[in-house]
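Single-structure report; data block below.
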Amino acid sequence: MTAIKVLLVDDDPLVRAGLSFMLGGADDIEIVGEAGDGSEVEALVDRHRPDVVLMDIRMPTVDGLTATETLRRREDAPEVVVLTTFHADEQVLRALRAGAAGFVLKDTAPAEIVEAVRRVAAGTPVLSPSVTRQLITQVAGGDPQQDRRERARARLDSLGEREREVAVAVGRGHSNAEIAGELYMSVATVKTHVSRTLAKLGLNNRVQIALLTHDAELLPEPPETGTGTGA
């Protein structure tokens, strides 16, 4: 088994030590490096080629948002998981829009953080659609709602009918298998539609599709549920 290579980025050495301890105990995870500021991230990514970066948001010189945006512009971009102390925070939302694969609360149980790294390395965002919608609902995002809705709908208009249906289903949190059953197509076809949607819209992952469909107000109101890091 090839170990999942992880880079830890947090300005608090105690947080890094705790994460290193809990992740280092997993046989399939290898901590390849640590950074105390976003300014160190690119050089460490070049040196160690991590699969996943656990990224703190608030750091003294270069914050995690800027570092995430820089990393996700790379062709060989690692997955980024935001580390935060807040369930709903404007910078977390901006990091997700920049291409982060999700977020993990710093007080999350160790086993859940380990599982989050595994999920992201396997291509599954660590953010439930209900939490995505809660974030967007609680955070204004800097744009008037109507303008955001119109821009999102204009972008989605570039999709074909089936691609749009798949995008909405992704926004509702359905897996590829669930979408296949709902829309009467094969899982392979769903994957193709998701890949084409990401390419057409210039997005990085399914979380960004969910954000866009929510901005376009194409999703039903979520039921009252708790928050967490499960996908």
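How things are named: the first chain in the structure tokens is A, the next is B, and so on; residues count from 1 in each chain; ligands count from 1 in the order shown.
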**Study point:** Residues within 6 Å of region 96-100 of chain A, only C-alpha atoms, excluding chain neighbours under 4 positions, as an NGL selection string
**Key:** :A and (69 or 80-81 or 204 or 208)
Write the residues you've just listed into a file as a compact mmCIF listing (two decimals), in the first residue's frame, and include C-alpha atoms for each of them.
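The file below, selection.txt, is the result:
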# COMPACT_ATOMS: atom_id res chain seq x y z
CA GLU A 69 -5.29 29.74 -3.95
CA VAL A 80 -6.16 20.97 0.55
CA VAL A 81 -8.19 20.55 3.72
CA ASN A 204 -11.60 21.90 -8.97
CA GLN A 208 -17.34 23.93 -5.77
Check your understanding: Smallest atom-to-atom distance to Leu93 (chain A): which of A:Glu217, A:Leu65, A:Leu44, A:Met185, using only C-alpha atoms?
Key -> A:Leu65
Practice item. Grab the CA of Leu105 (chain A) to CA of Val168 (chain A) distance for me, in Å with one decimal place. Key: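 Pair CA of Leu105 (chain A) / CA of Val168 (chain A) returns 26.8 Å.
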**Study point:** Pairwise distance for CA of Ser186 (chain A) and CA of Arg162 (chain A), rounded to one decimal in Å
**Key:**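 Result for CA of Ser186 (chain A) versus CA of Arg162 (chain A): 12.6 Å, one decimal.
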Point to revise | DSSP helix (DSSP H, G or I) residues within region 45-185 of chain A, as a ChimeraX atom specification | key: /A:45-48,64-72,90-98,110-121,129-138,145-156,161-171,176-183
